[in-house]
Amino acid sequence: MDPQATNSTLDNPLREGLSLERLPSPCAMVIFGASGDLTRRKLMPALYDLALEGLLPPGFSVVGVARSEKSNDEFREEVRESIRQNARRTPIDEGLLRTFEEGISYVAGDFSSPDAYARISEELDRLDRERNTSGNRVYYLATPPSAYAEIACKLSEQGLVQPIEDESWTRLIVEKPFGNDYDSARELNQTLLQYFSEDQIYRIDHYLGKETVQNMLAFRFANGIFEPLWNRTFIDHVQITVAESIGIENRGGYYDQAGALRDMVQNHMLQLLSLVSMEPPPAFDADSVHDEKVKALRSIRPIQPEEVDYYTVRGQYSEGWVMGQPYPGYRDEARVDPASTTETYVALKLFIDNWRWAGVPFYLRTGKHLPRRVSEISIQFHKAPHPPFAENVTQSLEPNVLAIRIQPDEGITLKTTAKVPGPSMRLRSVNMGFLYGTSFLVESPDAYERLLLDCMLGDSTLFPRRDGIEASWEPITQILRGWEATGVENLPAYSAGTWGPEEADSFMERDGRQWRQP
Amino acid sequence: MNGASNRFERSFDYETAMDLQTIEQEIAQLWHPDSRGDDPITSLATRASVLNLIVVTPDQESTDHAQDVAERLSKIHPCRVILFHQTLATGRRPVPDIHATCEAGGDEPSVPCIERIRIPVSRQMYPQLSALVQPLIIPELPAYLWWLGQPDTADPTFIAMARASNLTILDSLNFDSTNDLSSIFELEGQLPIRSSIADVNWQRLQPWRELTAQCFDIRSIQWSLSCIREVEIDAGQINGRALPVQSLLLTAWLAHCLGWQPFEARRTRDDRWYIGMYDQHGEHVRIILRSRPSEPAWAGHMLSMSMSAQNSQGEQSSITLSRSRESSLIRMNARTGLANTLHHAVHHPLLPDEALLVPILETTTRDHLFDSSLERAVEIMDLFGKPEAT
């Protein structure tokens, strides 16, 4: 963490013992793409919710930047509406909203125009003078990735990247996708690093801001009973499922170019895989956690082009019913090529070639228009080596499964075997369940709230690091190359509302296993 | 039991003398699937508890209030509530009421649950409270004692209950006199290391403390922290003309954090108190506490605080925090010199008891800052009884 990021009790003895020990220094956030959907639906509501919790510093200010001409008042009106529609906590505190709005201003301009950056610079100087933002800036690129390089370059040319004094800081937040393969991700990183240093760059993967994902670290490393079992000696295989009941909604143009592998596996699912497979970090700080995650990602065995059909299954949804509603097939969606071969479902079998996980398969699957929205990691243990019961009793004996449910209904279930009450020895699997929500019913903050706050605090633990991004693209790029080489003759189809193509079931049955029904 | 509203409840009334073993059996029975009938929603019920909440109430009104608060609390922290209400006439037999409630809220199948054991006690039974509560608490979970009303810190029953709990929760807003703070301080010194005291009123001061600290995070104002010369605190009038405990606790907190040493204190008017302190450089800090008429809801609550500072170069700064009743905000205005003004606001409505209790129930360790501030408050209180310094 940036040592200048947080206020300490040395600077301010009144901070001793306060719950808000992690309060950012006064700062301004410049949002490029201020008219966009992300700003409206996520960023502004998250900032308002932070203000409501008292987590924004005094003088906090937002400068919206977009092409369209509008006045400060018009932009504030847009912000007000977006907060009213999307804030997590309602009713809206109108008094607080008015105070929050006082810190919002707007600069119209083309991202390629030096004039726009000159006006941004003037506005930031004004905020430093009038609202004590002390030269601290966050630049949030809520724009298409194609604009990242240009904005970073222009910010640098205008002298807006370097902190204006020793104690101030500037940071850059970029949204996914970080490239569309290994080479483009590397190129994007190199471009950004020409202008910003690595510790100034915050790459948002909102999945990591989810309370439930963070809880996985607590689950693994704050409990003494699981870690000794967390290896190839006791674990048969791991399944990671991220199922979505929704389709591609209005993202046909983007999705048809990306597909499930790029959209979900490279980022969210490999992040989950790295969290579940990483070694315990020596400390819970950004570098220690990133180091271990990157080691795990780098240990993923590459899938060679000639192996892709063996280790992967692709599918595309056809028309069907999901949650009682009829949906068209993927190729009938808006802005999708009617002959598209883009995968909306993918299943993978990966191996992590290290001492802990040698020989343990990790099965990953994700898809659109599956029967329900669910994300979970299930750890299947080896069967008991020698159950001392009669054969007819042990026939139905199932292995223990530890399932970590990420969403919805976060919790942990452990499947164990118990005797059915009665005179004879009959065994049956039972689930011991712990629902996180039944013990901690406090509403969790939105992922963006947590991540925006962390960035202002200079804590990059929940933001993927450059080497992590590149390490996660490497195995994915190998698969993409393999798919490209083998072509798509008969892309398996699955009806919307089912758990994917039949080929995915055969894929597991081949290994003598089956997908868990989440 | 009522399944129609995604809720099941069951109560057992006894017409026998209190039998703790039976109470425990009946709680287990409440959770048995057979006792929950065929309603499918009840099959979701999970028995999850994170704490024991022991509540002692002096009268019917506070009993009803405590019960409502406990029900709402259970939606955040599923718990076993053991409620003793001192409403039973002497000579009558207690009739415990055992009750479990689970709610499946909306689409979420997570089921917050509460087990409530409500036991009326008579004056005759009161000394047995500590013995009654021990077998009823869920082992291995922290036990919190929420004592409503004015505690008698010399009362052996109160002391025994406090010693048996991890945390005793009081509310100094309701104290008859600030002298009771001294008794609480003395009591805390007698508790075993695993037990401590929390004050709901201290929790109410949290946003004031946060915002005061935030003022001095601003670099252009930070210098003034070491040269504050005057502090004025206004609170809603309580108990006629008593010194508001909130104002005293905030003053004590400032003194503790900034190393101020109180040397004199006196009442200057019916509604005004003066406290003199020396800061770390030996400079005089004047503190004025005022109590002013307010709506009943704000009685005893802080309404505003202003601080002014001046350094050796003659630079001045002033900071004002004031409550906006209409919008549930605390506003901050800071000025250094002539031009540099800062406005900030935080959302802080008058919080209900359950919102104040939630953070208290999330801690099991001593709040050393509260302990130190309480100690400093007691020092100030002692000065009010002394002849003025020259």
# chains A, B, ... in the order shown; residues from 1 in each chain; ligands from 1
$ residues_around --residues "B:Glu264" --least-positions-apart "2" --cutoff "8 Å" --atoms "only C-alpha atoms" --output "MDAnalysis selection string"
chainID B and resid 262 266 275:277 380 383:384 388:389
$ write_last_selection --atoms "N, CA, C and O atoms" --output "PDB file, in the first residue's frame"
ATOM      1  N   PRO B 262      -6.699  18.343  32.239  1.00  0.00           N
ATOM      2  CA  PRO B 262      -7.678  19.252  32.886  1.00  0.00           C
ATOM      3  C   PRO B 262      -7.131  19.755  34.221  1.00  0.00           C
ATOM      4  O   PRO B 262      -6.528  18.988  34.980  1.00  0.00           O
ATOM      5  N   ARG B 266     -15.760  24.311  36.407  1.00  0.00           N
ATOM      6  CA  ARG B 266     -16.814  24.909  37.237  1.00  0.00           C
ATOM      7  C   ARG B 266     -18.063  25.130  36.394  1.00  0.00           C
ATOM      8  O   ARG B 266     -17.998  25.245  35.170  1.00  0.00           O
ATOM      9  N   ILE B 275     -14.495  24.159  31.483  1.00  0.00           N
ATOM     10  CA  ILE B 275     -13.393  23.260  31.860  1.00  0.00           C
ATOM     11  C   ILE B 275     -12.100  23.870  31.323  1.00  0.00           C
ATOM     12  O   ILE B 275     -12.021  24.211  30.138  1.00  0.00           O
ATOM     13  N   GLY B 276     -11.124  24.005  32.166  1.00  0.00           N
ATOM     14  CA  GLY B 276      -9.826  24.522  31.731  1.00  0.00           C
ATOM     15  C   GLY B 276      -8.822  23.383  31.630  1.00  0.00           C
ATOM     16  O   GLY B 276      -8.778  22.512  32.497  1.00  0.00           O
ATOM     17  N   MET B 277      -8.069  23.384  30.547  1.00  0.00           N
ATOM     18  CA  MET B 277      -7.056  22.337  30.375  1.00  0.00           C
ATOM     19  C   MET B 277      -5.752  22.964  29.886  1.00  0.00           C
ATOM     20  O   MET B 277      -5.765  24.050  29.307  1.00  0.00           O
ATOM     21  N   ILE B 380     -12.251  14.890  35.106  1.00  0.00           N
ATOM     22  CA  ILE B 380     -12.916  16.201  34.951  1.00  0.00           C
ATOM     23  C   ILE B 380     -14.035  16.335  35.976  1.00  0.00           C
ATOM     24  O   ILE B 380     -14.202  17.378  36.618  1.00  0.00           O
ATOM     25  N   LEU B 383     -12.886  17.396  39.226  1.00  0.00           N
ATOM     26  CA  LEU B 383     -12.524  18.824  39.321  1.00  0.00           C
ATOM     27  C   LEU B 383     -13.735  19.702  39.607  1.00  0.00           C
ATOM     28  O   LEU B 383     -13.607  20.766  40.223  1.00  0.00           O
ATOM     29  N   PHE B 384     -14.905  19.283  39.157  1.00  0.00           N
ATOM     30  CA  PHE B 384     -16.101  20.084  39.418  1.00  0.00           C
ATOM     31  C   PHE B 384     -16.370  20.178  40.922  1.00  0.00           C
ATOM     32  O   PHE B 384     -16.982  21.128  41.388  1.00  0.00           O
ATOM     33  N   GLU B 388     -11.692  26.236  42.928  1.00  0.00           N
ATOM     34  CA  GLU B 388     -11.082  26.693  41.674  1.00  0.00           C
ATOM     35  C   GLU B 388      -9.582  26.888  41.806  1.00  0.00           C
ATOM     36  O   GLU B 388      -9.095  27.310  42.843  1.00  0.00           O
ATOM     37  N   ALA B 389      -8.906  26.591  40.725  1.00  0.00           N
ATOM     38  CA  ALA B 389      -7.460  26.816  40.691  1.00  0.00           C
ATOM     39  C   ALA B 389      -7.190  28.299  40.563  1.00  0.00           C
ATOM     40  O   ALA B 389      -7.998  29.047  40.045  1.00  0.00           O
TER      41      ALA B 389
END
$ residues_around --residues "A:Ala222" --least-positions-apart "6" --cutoff "12 Å" --atoms "only C-alpha atoms" --output "VMD selection string"
chain A and resid 215 to 216 280 to 281 284
$ residues_around --residues "stretch 365-375 of chain B" --least-positions-apart "6" --cutoff "9 Å" --atoms "only C-alpha atoms" --output "PyMOL selection string"
(chain A and resi 16-18) or (chain B and resi 166-167+181-182+184-185+188+193-199+202+249-257)
$ atom_distance --atom1 "atom CA of A:Ser299" --atom2 "atom CA of A:Ile240"
17.4 Å
$ atom_distance --atom1 "atom CA of B:Glu232" --atom2 "atom CA of A:Gly54"
23.6 Å
$ residues_around --residues "stretch 214-216 of chain B" --least-positions-apart "4" --cutoff "7 Å" --atoms "only C-alpha atoms" --output "list in words"
Asn12 of chain A; Glu210, Ile221, Gln222 and Leu225 of chain B
$ write_last_selection --atoms "all heavy atoms" --output "PDB file, in the first residue's frame"
ATOM      1  N   ASN A  12      -2.401  12.307  12.867  1.00  0.00           N
ATOM      2  CA  ASN A  12      -3.651  12.785  13.427  1.00  0.00           C
ATOM      3  C   ASN A  12      -4.041  11.901  14.610  1.00  0.00           C
ATOM      4  O   ASN A  12      -4.662  10.858  14.434  1.00  0.00           O
ATOM      5  CB  ASN A  12      -4.729  12.741  12.339  1.00  0.00           C
ATOM      6  CG  ASN A  12      -6.042  13.312  12.818  1.00  0.00           C
ATOM      7  OD1 ASN A  12      -6.223  13.588  13.994  1.00  0.00           O
ATOM      8  ND2 ASN A  12      -6.968  13.472  11.898  1.00  0.00           N
TER       9      ASN A  12
ATOM     10  N   GLU B 210     -15.525  10.716  14.284  1.00  0.00           N
ATOM     11  CA  GLU B 210     -15.007  10.496  12.928  1.00  0.00           C
ATOM     12  C   GLU B 210     -14.845  11.831  12.193  1.00  0.00           C
ATOM     13  O   GLU B 210     -13.821  12.079  11.562  1.00  0.00           O
ATOM     14  CB  GLU B 210     -15.975   9.615  12.116  1.00  0.00           C
ATOM     15  CG  GLU B 210     -16.163   8.213  12.633  1.00  0.00           C
ATOM     16  CD  GLU B 210     -15.040   7.264  12.241  1.00  0.00           C
ATOM     17  OE1 GLU B 210     -14.074   7.732  11.617  1.00  0.00           O
ATOM     18  OE2 GLU B 210     -15.132   6.081  12.604  1.00  0.00           O
ATOM     19  N   ILE B 221      -5.295  22.289   7.297  1.00  0.00           N
ATOM     20  CA  ILE B 221      -5.859  22.543   8.627  1.00  0.00           C
ATOM     21  C   ILE B 221      -5.076  21.807   9.718  1.00  0.00           C
ATOM     22  O   ILE B 221      -5.173  22.135  10.892  1.00  0.00           O
ATOM     23  CB  ILE B 221      -7.354  22.120   8.646  1.00  0.00           C
ATOM     24  CG1 ILE B 221      -8.140  22.953   7.633  1.00  0.00           C
ATOM     25  CG2 ILE B 221      -7.987  22.293  10.026  1.00  0.00           C
ATOM     26  CD1 ILE B 221      -9.570  22.536   7.470  1.00  0.00           C
ATOM     27  N   GLN B 222      -4.282  20.821   9.269  1.00  0.00           N
ATOM     28  CA  GLN B 222      -3.650  19.919  10.228  1.00  0.00           C
ATOM     29  C   GLN B 222      -2.846  20.663  11.309  1.00  0.00           C
ATOM     30  O   GLN B 222      -2.818  20.240  12.458  1.00  0.00           O
ATOM     31  CB  GLN B 222      -2.739  18.957   9.481  1.00  0.00           C
ATOM     32  CG  GLN B 222      -2.729  17.560  10.040  1.00  0.00           C
ATOM     33  CD  GLN B 222      -2.188  16.567   9.034  1.00  0.00           C
ATOM     34  OE1 GLN B 222      -1.252  16.871   8.301  1.00  0.00           O
ATOM     35  NE2 GLN B 222      -2.776  15.392   8.999  1.00  0.00           N
ATOM     36  N   LEU B 225      -4.314  21.447  14.862  1.00  0.00           N
ATOM     37  CA  LEU B 225      -4.590  20.420  15.875  1.00  0.00           C
ATOM     38  C   LEU B 225      -3.755  20.628  17.136  1.00  0.00           C
ATOM     39  O   LEU B 225      -4.203  20.346  18.244  1.00  0.00           O
ATOM     40  CB  LEU B 225      -4.311  19.038  15.257  1.00  0.00           C
ATOM     41  CG  LEU B 225      -4.762  17.816  16.040  1.00  0.00           C
ATOM     42  CD1 LEU B 225      -6.252  17.844  16.321  1.00  0.00           C
ATOM     43  CD2 LEU B 225      -4.430  16.546  15.267  1.00  0.00           C
TER      44      LEU B 225
END
$ select_by_dssp --residues "stretch 2-143 of chain A" --states "alpha helix (DSSP H)" --output "PyMOL selection string"
chain A and resi 37-38+44-52+72-86+94-102+114-131
$ select_by_dssp --residues "stretch 336-372 of chain A" --states "strand (DSSP E)" --output "JSON, numbers by chain"
{"A": [345, 346, 347, 348, 349, 350, 351, 361, 362, 363, 364, 365, 366, 367]}
$ residues_around --residues "A:Ser472" --least-positions-apart "2" --cutoff "8 Å" --atoms "only C-alpha atoms" --output "ChimeraX atom specification"
/A:266-267,270,297-298,468-470,474-476
$ residues_around --residues "A:Trp515" --least-positions-apart "3" --cutoff "9 Å" --atoms "only C-alpha atoms" --output "JSON, numbers by chain"
{"A": [239, 363, 504, 505, 508, 509, 518]}
$ atom_distance --atom1 "atom CA of A:Ile404" --atom2 "atom CA of A:Glu343"
26.5 Å
